[in-house]
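Have a look at protein_29.cif below; it lists mmCIF, C-alpha atoms and all ligand atoms.
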```cif
data_start
#
loop_
_atom_site.label_atom_id
_atom_site.label_comp_id
_atom_site.auth_asym_id
_atom_site.auth_seq_id
_atom_site.Cartn_x
_atom_site.Cartn_y
_atom_site.Cartn_z
CA MET A 1 24.67 -97.09 25.13
CA LYS A 2 23.32 -98.50 21.89
CA GLU A 3 19.93 -99.02 23.52
CA LYS A 4 19.80 -95.42 24.59
CA ILE A 5 20.57 -94.15 21.10
CA LYS A 6 17.89 -96.35 19.67
CA SER A 7 15.25 -95.13 22.10
CA LEU A 8 16.27 -91.52 21.38
CA TYR A 9 15.93 -92.21 17.72
CA LEU A 10 12.46 -93.68 18.22
CA LEU A 11 11.40 -90.71 20.34
CA ASN A 12 12.64 -88.34 17.70
CA LYS A 13 10.72 -90.21 15.04
CA LYS A 14 7.54 -90.02 17.13
CA TYR A 15 8.15 -86.32 17.68
CA ILE A 16 8.63 -85.64 13.99
CA LYS A 17 5.44 -87.51 13.20
CA TRP A 18 3.36 -85.55 15.68
CA SER A 19 4.81 -82.23 14.81
CA PHE A 20 4.05 -82.98 11.18
CA ILE A 21 0.40 -83.67 12.01
CA PHE A 22 0.22 -80.57 14.19
CA THR A 23 1.72 -78.34 11.53
CA THR A 24 -0.68 -79.70 8.93
CA ILE A 25 -3.66 -78.94 11.18
CA VAL A 26 -2.39 -75.40 11.76
CA ILE A 27 -1.88 -74.83 8.06
CA VAL A 28 -5.33 -76.20 7.19
CA LEU A 29 -6.91 -74.02 9.89
CA PHE A 30 -5.00 -71.01 8.67
CA ILE A 31 -6.14 -71.59 5.10
CA LEU A 32 -9.72 -72.04 6.31
CA VAL A 33 -9.72 -68.92 8.44
CA SER A 34 -8.05 -66.79 5.80
CA PHE A 35 -10.50 -68.14 3.26
CA ILE A 36 -13.40 -66.97 5.43
CA TYR A 37 -11.84 -63.59 6.12
CA GLN A 38 -10.02 -63.06 2.87
CA ASN A 39 -12.48 -60.33 1.88
CA ASP A 40 -12.71 -58.69 5.28
CA LYS A 41 -9.61 -56.81 6.38
CA LEU A 42 -9.18 -54.62 9.44
CA LYS A 43 -7.58 -51.32 8.48
CA LYS A 44 -6.87 -47.89 9.90
CA ASP A 45 -8.14 -44.71 8.28
CA GLN A 46 -6.22 -41.40 8.10
CA LYS A 47 -7.38 -40.33 11.54
CA GLY A 48 -6.37 -43.67 13.02
CA HIS A 49 -9.90 -45.07 13.35
CA LEU A 50 -10.33 -48.76 12.76
CA TYR A 51 -12.53 -49.94 9.95
CA ARG A 52 -13.22 -53.09 8.02
CA GLU A 53 -13.20 -53.34 4.28
CA ILE A 54 -15.49 -55.97 2.89
CA ASN A 55 -15.39 -57.15 -0.68
CA GLN A 56 -18.10 -59.52 -1.78
CA LYS A 57 -20.06 -60.21 -4.94
CA ASN A 58 -19.60 -56.85 -6.69
CA GLN A 59 -19.98 -55.04 -3.38
CA ASN A 60 -17.35 -52.95 -1.67
CA ILE A 61 -18.22 -51.91 1.86
CA GLU A 62 -16.31 -49.93 4.46
CA ILE A 63 -17.55 -50.29 8.02
CA PRO A 64 -16.18 -48.40 11.05
CA VAL A 65 -15.22 -50.44 14.10
CA PHE A 66 -15.78 -48.88 17.53
CA ASP A 67 -14.84 -49.78 21.07
CA ASP A 68 -18.54 -49.78 21.94
CA SER A 69 -20.04 -53.24 21.58
CA LYS A 70 -23.62 -51.96 21.45
CA LEU A 71 -22.80 -49.64 18.60
CA ASN A 72 -20.86 -52.37 16.80
CA LYS A 73 -23.93 -54.59 17.07
CA GLU A 74 -26.06 -51.88 15.44
CA ILE A 75 -23.48 -51.55 12.73
CA LYS A 76 -23.45 -55.31 12.18
CA LYS A 77 -27.22 -55.19 11.65
CA TYR A 78 -26.80 -52.37 9.18
CA GLU A 79 -24.04 -54.26 7.40
CA LYS A 80 -26.32 -57.30 6.99
CA GLN A 81 -28.96 -55.07 5.45
CA ILE A 82 -26.48 -53.67 2.96
CA ARG A 83 -25.11 -57.08 2.06
CA LYS A 84 -28.62 -58.27 1.26
CA ASP A 85 -29.33 -55.32 -1.04
CA ASN A 86 -27.65 -56.27 -4.31
CA GLN A 87 -28.51 -52.87 -5.79
CA ILE A 88 -25.87 -51.29 -3.57
CA LYS A 89 -22.45 -51.29 -5.16
CA LYS A 90 -20.29 -49.34 -2.78
CA VAL A 91 -20.57 -48.03 0.75
CA THR A 92 -18.18 -45.57 2.34
CA TYR A 93 -18.61 -43.58 5.54
CA GLU A 94 -17.53 -40.37 7.17
CA LEU A 95 -17.09 -40.17 10.91
CA ILE A 96 -17.80 -36.90 12.74
CA GLU A 97 -17.26 -36.90 16.47
CA THR A 98 -18.27 -34.13 18.84
CA ASN A 99 -18.09 -34.26 22.64
CA GLU A 100 -21.03 -36.58 23.26
CA LEU A 101 -21.83 -37.59 19.71
CA LYS A 102 -20.56 -40.19 17.35
CA GLN A 103 -21.97 -39.47 13.93
CA VAL A 104 -21.65 -41.76 10.97
CA ILE A 105 -22.57 -40.53 7.52
CA TRP A 106 -22.99 -43.49 5.21
CA ASN A 107 -22.64 -42.90 1.49
CA LYS A 108 -24.31 -45.63 -0.50
CA LYS A 109 -23.67 -45.80 -4.21
CA ARG A 110 -26.27 -47.83 -6.07
CA LYS A 111 -25.80 -49.77 -9.28
CA ASP A 112 -27.81 -47.22 -11.25
CA GLY A 113 -25.25 -44.61 -10.22
CA SER A 114 -27.47 -42.80 -7.72
CA LEU A 115 -26.21 -41.83 -4.30
CA GLN A 116 -27.95 -42.27 -0.99
CA LYS A 117 -26.98 -41.12 2.45
CA ASP A 118 -27.84 -42.59 5.80
CA ILE A 119 -26.99 -40.51 8.79
CA TRP A 120 -26.51 -41.88 12.27
CA LEU A 121 -26.37 -39.84 15.42
CA TYR A 122 -25.23 -41.89 18.39
CA HIS A 123 -24.98 -40.61 21.95
CA LYS A 124 -21.82 -41.94 23.58
CA THR A 125 -23.00 -41.96 27.19
CA LYS A 126 -26.62 -42.91 26.56
CA LYS A 127 -25.38 -45.48 24.04
CA GLU A 128 -28.38 -44.77 21.88
CA PRO A 129 -29.22 -42.95 18.68
CA LEU A 130 -30.65 -39.43 19.12
CA THR A 131 -33.72 -38.03 17.41
CA LEU A 132 -34.45 -34.33 16.83
CA LYS A 133 -37.18 -34.66 19.43
CA GLU A 134 -34.55 -35.37 22.06
CA ILE A 135 -32.08 -32.79 20.81
CA PHE A 136 -34.55 -29.90 20.91
CA LEU A 137 -35.67 -28.60 24.29
CA HIS A 138 -39.28 -28.26 23.16
CA TRP A 139 -39.89 -30.25 20.02
CA ASN A 140 -43.14 -28.89 18.60
CA GLN A 141 -44.71 -27.45 15.46
CA GLU A 142 -43.03 -24.10 16.08
CA GLU A 143 -39.58 -25.69 15.97
CA LYS A 144 -40.43 -27.66 12.85
CA ASP A 145 -41.70 -24.45 11.23
CA PHE A 146 -38.44 -22.76 12.15
CA ILE A 147 -36.29 -25.49 10.60
CA LEU A 148 -38.38 -25.58 7.42
CA THR A 149 -38.74 -21.81 7.00
CA PHE A 150 -35.15 -20.98 7.84
CA LEU A 151 -33.67 -23.69 5.63
CA ASN A 152 -36.02 -22.75 2.81
CA LEU A 153 -34.73 -19.18 3.05
CA GLU A 154 -31.18 -20.48 3.21
CA TRP A 155 -31.93 -22.57 0.12
CA GLN A 156 -33.24 -19.49 -1.73
CA ARG A 157 -30.06 -17.67 -0.76
CA THR A 158 -27.90 -20.57 -1.95
CA ILE A 159 -29.54 -21.07 -5.34
CA ARG A 160 -28.87 -17.43 -6.24
CA THR A 161 -25.21 -18.39 -6.22
CA LEU A 162 -25.50 -21.87 -7.77
CA THR A 163 -24.30 -22.67 -11.27
CA PRO A 164 -25.33 -24.77 -13.10
CA PRO A 165 -28.98 -24.39 -12.10
CA ILE A 166 -30.67 -26.82 -9.74
CA PRO A 167 -33.06 -29.57 -10.92
CA THR A 168 -36.39 -27.96 -11.72
CA ASP A 169 -38.42 -30.68 -10.04
CA LEU A 170 -36.63 -30.32 -6.73
CA ASN A 171 -39.18 -29.80 -4.00
CA ILE A 172 -37.14 -28.39 -1.17
CA GLU A 173 -39.97 -28.66 1.39
CA LYS A 174 -40.33 -32.35 0.66
CA GLU A 175 -36.57 -32.97 0.83
CA LEU A 176 -36.33 -31.20 4.18
CA ASN A 177 -39.38 -32.96 5.55
CA ASP A 178 -37.76 -36.27 4.58
CA CYS A 179 -34.57 -35.22 6.39
CA ILE A 180 -36.58 -34.54 9.55
CA LYS A 181 -38.59 -37.74 9.25
CA GLN A 182 -35.52 -39.89 8.66
CA ASN A 183 -33.46 -38.16 11.33
CA SER A 184 -31.02 -37.21 8.64
CA TYR A 185 -28.88 -34.49 10.23
CA TYR A 186 -25.60 -34.09 12.06
CA PHE A 187 -23.61 -31.53 14.02
CA HIS A 188 -20.24 -30.00 13.31
CA ASN A 189 -18.62 -28.50 16.38
CA GLU A 190 -15.34 -27.12 15.14
CA LEU A 191 -13.65 -23.76 14.76
CA ASN A 192 -15.67 -21.67 12.27
CA ASP A 193 -18.00 -24.58 11.75
CA HIS A 194 -20.70 -24.60 14.41
CA TYR A 195 -23.66 -25.76 12.38
CA LEU A 196 -26.41 -28.35 12.30
CA TYR A 197 -26.33 -29.93 8.84
CA PHE A 198 -29.09 -31.35 6.69
CA ASP A 199 -27.99 -33.24 3.55
CA PHE A 200 -30.00 -34.54 0.65
CA GLN A 201 -29.33 -35.87 -2.85
CA LYS A 202 -31.03 -35.18 -6.11
CA GLU A 203 -29.95 -36.46 -9.50
CA GLU A 204 -26.61 -37.63 -8.13
CA LYS A 205 -25.84 -34.23 -6.66
CA ASN A 206 -25.42 -33.50 -3.01
CA TYR A 207 -27.02 -30.50 -1.43
CA GLN A 208 -26.26 -29.32 2.03
CA LEU A 209 -28.15 -26.83 4.15
CA LYS A 210 -27.13 -25.80 7.61
CA ILE A 211 -28.46 -23.95 10.65
CA PRO A 212 -25.93 -21.94 12.70
CA PHE A 213 -25.63 -22.90 16.36
CA TYR A 214 -26.37 -19.25 17.17
CA LEU A 215 -29.95 -19.63 15.99
CA LEU A 216 -30.27 -22.85 17.96
CA LYS A 217 -28.82 -21.42 21.16
CA ASP A 218 -32.12 -21.36 23.06
CA ARG A 219 -33.66 -24.31 21.25
CA VAL A 220 -31.20 -27.19 21.61
CA ASN A 221 -30.28 -29.23 24.68
CA TRP A 222 -26.55 -28.42 24.58
CA LYS A 223 -25.91 -30.21 27.84
CA LEU A 224 -27.11 -33.48 26.32
CA LEU A 225 -24.76 -32.98 23.38
CA GLY A 226 -21.89 -32.06 25.70
CA ILE A 227 -21.41 -28.79 23.82
CA LYS A 228 -20.53 -25.60 25.69
CA ARG A 229 -22.56 -22.54 24.69
CA GLU A 230 -20.45 -19.80 23.18
CA ASP A 231 -23.06 -17.31 22.02
CA GLU A 232 -20.66 -14.53 21.12
CA ILE A 233 -18.38 -16.75 19.05
CA TRP A 234 -21.37 -18.40 17.40
CA LEU A 235 -22.89 -15.00 16.56
CA LYS A 236 -19.70 -13.71 14.94
CA GLU A 237 -19.31 -16.93 13.01
CA TYR A 238 -22.90 -16.72 11.77
CA ALA A 239 -22.38 -13.13 10.58
CA MET A 240 -18.93 -13.87 9.17
CA ASN A 241 -18.60 -12.90 5.50
CA ARG A 242 -22.13 -11.52 5.58
CA GLN A 243 -23.57 -8.04 5.84
CA VAL A 244 -25.64 -7.09 8.87
CA VAL A 245 -28.72 -4.95 9.33
CA ALA A 246 -30.90 -4.03 12.33
CA PHE A 247 -34.66 -3.61 11.86
CA THR A 248 -36.30 -1.47 14.54
CA PHE A 249 -40.01 -1.11 15.34
CA ASP A 250 -41.45 1.93 17.11
CA ASP A 251 -44.72 2.91 18.83
CA GLY A 252 -45.83 -0.59 19.91
CA PRO A 253 -46.46 -3.00 21.36
CA ASN A 254 -49.77 -3.74 19.68
CA PRO A 255 -51.59 -6.99 20.55
CA ASN A 256 -52.80 -7.46 16.96
CA THR A 257 -49.68 -6.79 14.95
CA THR A 258 -46.62 -7.25 17.18
CA PRO A 259 -47.12 -11.01 17.85
CA THR A 260 -47.44 -11.66 14.10
CA LEU A 261 -44.12 -9.98 13.50
CA ILE A 262 -42.48 -11.97 16.31
CA THR A 263 -43.76 -15.25 14.87
CA GLU A 264 -42.67 -14.42 11.33
CA PHE A 265 -39.21 -13.24 12.35
CA LYS A 266 -38.65 -16.07 14.79
CA LYS A 267 -39.30 -18.80 12.26
CA ARG A 268 -36.79 -17.16 9.94
CA GLY A 269 -34.16 -17.01 12.69
CA MET A 270 -34.21 -13.19 12.59
CA ASN A 271 -33.88 -10.70 15.40
CA ALA A 272 -35.05 -7.09 15.76
CA THR A 273 -35.35 -4.26 18.28
CA PHE A 274 -38.59 -2.78 19.59
CA PHE A 275 -38.81 0.78 20.88
CA MET A 276 -41.95 0.64 22.94
CA LEU A 277 -44.21 3.36 24.25
CA GLY A 278 -44.60 3.19 28.03
CA ARG A 279 -48.37 3.67 27.83
CA ASN A 280 -48.68 0.64 25.50
CA VAL A 281 -46.34 -1.43 27.65
CA ALA A 282 -48.65 -0.73 30.61
CA LYS A 283 -51.68 -1.80 28.54
CA TYR A 284 -50.19 -4.95 26.97
CA PRO A 285 -47.51 -6.33 29.31
CA GLU A 286 -48.06 -9.88 28.00
CA VAL A 287 -47.04 -8.74 24.51
CA VAL A 288 -43.87 -7.19 25.96
CA LYS A 289 -43.15 -10.45 27.74
CA MET A 290 -43.64 -12.35 24.48
CA VAL A 291 -41.25 -10.05 22.62
CA GLU A 292 -38.56 -10.30 25.30
CA SER A 293 -38.85 -14.02 25.99
CA ASN A 294 -38.44 -14.79 22.29
CA GLY A 295 -35.03 -13.15 22.34
CA PHE A 296 -35.92 -9.76 20.85
CA GLU A 297 -34.48 -6.52 22.17
CA VAL A 298 -36.70 -4.02 23.97
CA GLY A 299 -35.88 -0.32 24.20
CA SER A 300 -37.79 2.75 25.36
CA HIS A 301 -39.69 5.15 23.11
CA THR A 302 -40.87 7.24 26.12
CA TYR A 303 -44.32 7.09 27.72
CA ASN A 304 -46.59 9.39 25.70
CA HIS A 305 -44.58 10.00 22.54
CA ARG A 306 -43.75 13.57 23.50
CA ASN A 307 -41.23 15.72 21.72
CA LEU A 308 -38.59 15.77 24.44
CA LYS A 309 -36.89 18.78 22.99
CA ARG A 310 -39.95 20.86 23.82
CA SER A 311 -40.64 19.25 27.19
CA SER A 312 -39.66 20.47 30.64
CA LYS A 313 -37.14 18.54 32.70
CA GLU A 314 -39.95 17.20 34.91
CA GLU A 315 -42.00 16.05 31.94
CA GLN A 316 -38.98 14.33 30.42
CA SER A 317 -38.17 12.65 33.69
CA TYR A 318 -41.69 11.18 33.86
CA GLU A 319 -41.57 10.06 30.21
CA ILE A 320 -38.27 8.25 30.69
CA ILE A 321 -38.51 6.83 34.19
CA LYS A 322 -42.13 5.68 33.96
CA THR A 323 -41.42 3.84 30.71
CA ASN A 324 -38.38 2.09 32.17
CA GLU A 325 -40.48 0.96 35.13
CA GLU A 326 -43.22 -0.43 32.93
CA ILE A 327 -40.75 -2.30 30.73
CA LYS A 328 -39.02 -3.76 33.79
CA ASN A 329 -42.37 -4.81 35.28
CA ALA A 330 -43.58 -6.43 32.10
CA SER A 331 -40.46 -8.19 30.86
CA GLY A 332 -38.28 -8.48 33.95
CA LYS A 333 -35.49 -6.72 32.09
CA GLU A 334 -34.26 -3.15 31.76
CA ALA A 335 -34.75 -1.25 28.52
CA THR A 336 -31.50 -1.67 26.57
CA SER A 337 -31.61 1.71 24.83
CA ILE A 338 -33.80 4.70 24.09
CA ARG A 339 -35.19 6.18 20.90
CA PRO A 340 -36.62 9.64 21.59
CA PRO A 341 -39.79 10.32 19.51
CA TYR A 342 -38.99 12.13 16.23
CA GLY A 343 -35.33 11.66 17.12
CA ASN A 344 -35.59 14.84 19.20
CA TYR A 345 -33.92 15.41 22.56
CA ASN A 346 -31.82 17.97 24.42
CA ASP A 347 -29.17 18.21 27.13
CA ASP A 348 -31.72 17.46 29.85
CA THR A 349 -32.48 14.15 28.13
CA ILE A 350 -28.78 13.29 27.97
CA SER A 351 -28.34 14.07 31.67
CA MET A 352 -31.19 11.70 32.58
CA ILE A 353 -30.47 8.61 30.55
CA GLU A 354 -28.05 5.77 31.23
CA VAL A 355 -28.45 3.95 27.92
CA PRO A 356 -27.36 4.59 24.33
CA ILE A 357 -29.59 6.63 22.01
CA VAL A 358 -30.47 4.54 18.98
CA LEU A 359 -31.66 6.50 15.95
CA TRP A 360 -31.85 5.29 12.32
CA ASN A 361 -30.34 5.92 8.92
CA ILE A 362 -33.19 4.47 6.86
CA ASP A 363 -36.76 5.66 7.37
CA THR A 364 -39.16 3.34 5.54
CA LEU A 365 -41.97 5.95 5.83
CA ASP A 366 -44.28 3.00 6.52
CA TRP A 367 -46.61 5.24 8.59
CA LYS A 368 -47.13 7.45 5.51
CA TYR A 369 -47.50 4.78 2.80
CA ARG A 370 -49.54 2.25 4.82
CA ASP A 371 -48.85 -0.07 1.91
CA ALA A 372 -46.45 -3.01 2.10
CA ASN A 373 -45.23 -2.79 -1.49
CA LEU A 374 -44.62 0.96 -1.45
CA THR A 375 -42.83 0.72 1.88
CA TYR A 376 -40.71 -2.13 0.54
CA GLN A 377 -39.85 -0.35 -2.69
CA ASN A 378 -38.99 2.87 -0.90
CA SER A 379 -36.40 1.21 1.32
CA ILE A 380 -34.97 -2.05 0.02
CA GLU A 381 -32.23 -0.53 -2.13
CA LYS A 382 -31.17 1.91 0.58
CA VAL A 383 -29.98 -0.79 2.97
CA THR A 384 -26.22 -1.16 3.40
CA ASP A 385 -24.02 -3.01 5.87
CA GLY A 386 -24.66 -1.73 9.41
CA SER A 387 -27.92 0.07 8.63
CA ILE A 388 -30.57 0.74 11.24
CA VAL A 389 -34.00 0.66 9.60
CA LEU A 390 -37.08 2.34 11.08
CA PHE A 391 -40.55 0.73 10.97
CA HIS A 392 -43.67 0.92 13.15
CA ASP A 393 -45.07 -2.42 14.32
CA ILE A 394 -48.59 -1.03 14.74
CA TYR A 395 -49.71 -1.39 11.10
CA TYR A 396 -50.36 -4.67 9.29
CA SER A 397 -48.81 -3.16 6.15
CA SER A 398 -45.58 -2.47 8.07
CA ILE A 399 -45.38 -6.07 9.27
CA ASP A 400 -45.86 -7.36 5.71
CA ALA A 401 -43.26 -4.94 4.36
CA ALA A 402 -40.76 -5.81 7.08
CA VAL A 403 -41.10 -9.58 6.55
CA LYS A 404 -40.81 -9.21 2.77
CA MET A 405 -37.81 -6.93 3.05
CA ALA A 406 -36.12 -9.09 5.69
CA SER A 407 -36.48 -12.23 3.55
CA GLU A 408 -35.12 -10.48 0.46
CA LEU A 409 -32.18 -9.03 2.39
CA TYR A 410 -31.38 -12.45 3.85
CA GLN A 411 -31.23 -13.88 0.34
CA ARG A 412 -28.95 -11.04 -0.69
CA GLY A 413 -26.53 -12.12 2.04
CA TYR A 414 -27.62 -10.07 5.05
CA VAL A 415 -28.05 -11.30 8.59
CA LEU A 416 -30.84 -9.59 10.55
CA LEU A 417 -29.85 -8.78 14.10
CA SER A 418 -30.91 -6.70 17.07
CA VAL A 419 -29.07 -3.40 17.55
CA HIS A 420 -26.86 -4.79 20.32
CA GLU A 421 -26.07 -7.95 18.36
CA MET A 422 -25.06 -5.82 15.39
CA ALA A 423 -22.71 -3.84 17.64
CA GLN A 424 -21.19 -7.12 18.89
CA VAL A 425 -20.56 -8.29 15.35
CA LYS A 426 -18.91 -4.94 14.57
CA ASN A 427 -16.81 -5.16 17.75
CA LYS A 428 -18.40 -1.96 19.07
CA THR A 429 -19.70 -1.24 22.53
CA LEU A 430 -22.73 1.02 22.50
CA GLU A 431 -21.94 3.73 25.04
CA ALA A 432 -24.58 5.29 27.29
CA LYS A 433 -25.66 8.79 26.17
CA ASN A 434 -24.02 8.31 22.74
CA ARG A 435 -26.22 8.34 19.65
CA TYR A 436 -26.12 5.84 16.82
CA TYR A 437 -27.67 6.21 13.37
CA SER A 438 -26.01 3.07 12.07
CA ILE A 439 -23.22 0.78 13.23
CA LYS A 440 -20.41 0.54 10.71
ZN ZN B 501 -42.61 7.05 17.31
#
```
Taking this structure as input, can you express it in the form of C-alpha cells?
Amino acid sequence: MKEKIKSLYLLNKKYIKWSFIFTTIVIVLFILVSFIYQNDKLKKDQKGHLYREINQKNQNIEIPVFDDSKLNKEIKKYEKQIRKDNQIKKVTYELIETNELKQVIWNKKRKDGSLQKDIWLYHKTKKEPLTLKEIFLHWNQEEKDFILTFLNLEWQRTIRTLTPPIPTDLNIEKELNDCIKQNSYYFHNELNDHYLYFDFQKEEKNYQLKIPFYLLKDRVNWKLLGIKREDEIWLKEYAMNRQVVAFTFDDGPNPNTTPTLITEFKKRGMNATFFMLGRNVAKYPEVVKMVESNGFEVGSHTYNHRNLKRSSKEEQSYEIIKTNEEIKNASGKEATSIRPPYGNYNDDTISMIEVPIVLWNIDTLDWKYRDANLTYQNSIEKVTDGSIVLFHDIYYSSIDAAVKMASELYQRGYVLLSVHEMAQVKNKTLEAKNRYYSIK
C-alpha cells in the first residue's frame, strides 16, 4: 500500500514537471505570436466584410480580406508596396460589389496631406482585373473621344454649380486621360445609381464624374459584367431631375453634313430625330444606315417635300408609302413617325398614316439665317422642358448651331433625347395619327 502511494506521488511529480514545461512553451509561443501579430488584427466592417488593420511605424493601413486566394495574393503585393512607401500615412478602402465585379477603391493619405486613390476592378469569375479595353465592346478612338467629350461636358455642367470655385490650373482633359490610362474607374449598379464613375483628386479635393449606363448601353459588354440591361429604367434615371429636349433635323440625309452631326452628337452622348426625304434616302442609303445604327431615330418627311394639304390622295399615297419603303430598305427599320413638309396635312393624310405626326414648337429658322450664331441666338432662350426643336441637317451652319446649342443646353441641365425617348421619360405613348408639337 505504501509503495503504491509513493509511486503515485512520483508520477504526480513527474506530471507536474512536464505540464509546467508544456505550459511555459505555450505561453512563450503565445507571447511570440501575439508579438508578431500585435499590430495586425482581423476585424469586420459594417457590412460584415473581413479586413485587417495594420499599424506600423506611423502607418495605419486597412486591407480587405477575401475568400479568393488569388485576389488576396494581389492585395498582399499591394500591401507590401504601401508598407515600403514611408510617405504614405494612412490607407483606407471602400468596397463596391456588383454581380461579377469586386471593386476596391483605395484612399491613400500621404504625409504632406495629399490624397491619392487607387482603383481596382476585379472580375470574380475570370479572377483577373478588368481594363476598359475589355469592358467596352469595341475599344477604339471613337469610344475614348466619347468618354473625354462627354465627361468634359459633364464637368462644365458641374462647375456651374460648384462653390467655392475649382483650382484654376486644373486640366480636366489631363485628369481624365490619367483616369483612362491608370484604369481608374468603377461601376455602381444600384437603384438610382447606374453609373460608371471616374474619380480624381486635386489640391486635396475629390472630384467625381460619371457616365450613365444609358449612354453606355450599346458600348459596354454587360454580359461580362453580369449586369442585366434595363434601358428604360436607365433612361429615366439619366433624365431624372433634369429637363429634356428633342432636336429634330429635316430635309436630309446629306452625305456632307449629316455624318458630321452624328459624330458630334454621338461623342456627347446625345440623341436626335431625323425626318428624312424619301428621295434623299434613295440617293444616300449608307447615310441612313449610319444614322440608324448609331441609335438615332429616323422618321419620314415624305418623298418630294410636297405640301400634302394641296396634294391629291394618290400623290399623298406615293409620297408616304414610297418614303417608308426607302427608309425600310436603307436602315432595316420602319420610320417611327412622320413630319409633313411645312407642317401641312389633311384628313387624307391622317387616313393613310399609322405613325404619330411630330411637329415642333421651336423653329430655329436655320434655313433663313444660314449662320450658326444667329440661329443659336434666335432659339437658345426659347427652349423649355419637353420642347421639340426644328433644324435642317443640310447646312453646315445648322450643324454648328445645333452642336453649340446642344452643348449649352446640356450644361444648363438638359438631356438631349430622340422624340420617342422624350415621350418615354414623360411617361407618354405617342399615338398613331396624333400630332405633337412638344411633349410636356
Ligand atoms: Zn422640310
What does the distance from atom CA of Glu53 of chain A to atom CA of Lys76 of chain A come to in Å, to one decimal? 13.1 Å
Counting all atoms listed in the file, what is within 6 Å of segment 241-257 of chain A, bar same-chain residues fewer than 6 positions away, as a PyMOL selection string? chain A and resi 272-277+280+385-394+413-419
For Lys433 of chain A, list every protein, DNA or RNA residue within 9 Å, evaluated using all atoms listed in the file, and leave out those in the same chain fewer than 2 positions away; present the list as a PyMOL selection string. chain A and resi 349-357+431+435
Please, what distance in Å, to one decimal, runs between atom CA of Leu132 of chain A and atom CA of Asn177 of chain A?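 It comes out at 12.4 Å.
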Excluding same-chain residues fewer than 2 positions from segment 397-408 of chain A, what lies within 6 Å of it counting all atoms listed in the file, as a PDB file with C-alpha atoms, in the frame of the given file?
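Once everything was written out, this is result_36.pdb:
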```
ATOM      1  CA  LEU A 261     -44.120  -9.980  13.500  1.00  0.00           C
ATOM      2  CA  ASP A 366     -44.280   3.000   6.520  1.00  0.00           C
ATOM      3  CA  ARG A 370     -49.540   2.250   4.820  1.00  0.00           C
ATOM      4  CA  ASP A 371     -48.850  -0.070   1.910  1.00  0.00           C
ATOM      5  CA  ALA A 372     -46.450  -3.010   2.100  1.00  0.00           C
ATOM      6  CA  TYR A 376     -40.710  -2.130   0.540  1.00  0.00           C
ATOM      7  CA  TYR A 395     -49.710  -1.390  11.100  1.00  0.00           C
ATOM      8  CA  TYR A 410     -31.380 -12.450   3.850  1.00  0.00           C
ATOM      9  CA  GLN A 411     -31.230 -13.880   0.340  1.00  0.00           C
TER      10      GLN A 411
END
```
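Across A:Ile439, A:Val425, A:Leu365, A:Leu101, the tightest approach to ligand ZN 501 (chain B) is made by A:Leu365 when counting all atoms listed in the file.
Closest approach to Lys41 of chain A among A:Ile27, A:Asp231, A:Asn58, A:Val65 is made by A:Val65 (distances from all atoms listed in the file).
For the pair atom CA of Ile63 of chain A and atom CA of Thr131 of chain A, the separation is 22.4 Å.
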Using all atoms listed in the file, which residues sit within 7 Å of segment 180-192 of chain A once same-chain residues fewer than 2 positions away are excluded, as a PyMOL selection string? chain A and resi 98+103+118-119+121+131-132+176-178+194-199+237
Minimum-distance residue to Ser337 of chain A, chosen among A:Lys144, A:His138, A:His420, A:Lys90 (using all atoms listed in the file):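 For Ser337 of chain A, the nearest of the candidates is A:His420.
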Counting all atoms listed in the file, the residue of A:Tyr342, A:Tyr15, A:Tyr214, A:Trp222 that sits nearest ligand ZN 501 (chain B):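 Closest to ligand ZN 501 (chain B), using all atoms listed in the file: A:Tyr342.
Nearest residue to Pro164 of chain A, choosing from A:Lys205, A:Glu334, A:Tyr436, A:Phe146 and counting all atoms listed in the file: A:Lys205.
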With only C-alpha atoms and all ligand atoms as the basis for distance, which of A:Leu308, A:Ile96, A:Leu225, A:Ile172 is at the shortest distance from ligand ZN 501 (chain B)? A:Leu308
List the spatial neighbours of segment 68-75 of chain A as a list in words - criterion: any atom at most 10 Å away, all atoms listed in the file, same-chain residues fewer than 4 positions off excluded.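 The residues that qualify are Ile63, Pro64, Glu79, Lys80, Gln81, Lys102, Tyr122, His123, Lys124, Lys127, Glu128 and Pro129 of chain A.
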Using only the atoms of segment 251-263 of chain A listed in the file, plus 3 Å on each side, state the axis-aligned box centre and edge lengths in Å rounded to one decimal, as JSON.
```
{"center_x": -47.6, "center_y": -6.2, "center_z": 17.4, "size_x": 16.3, "size_y": 24.2, "size_z": 13.9}
```
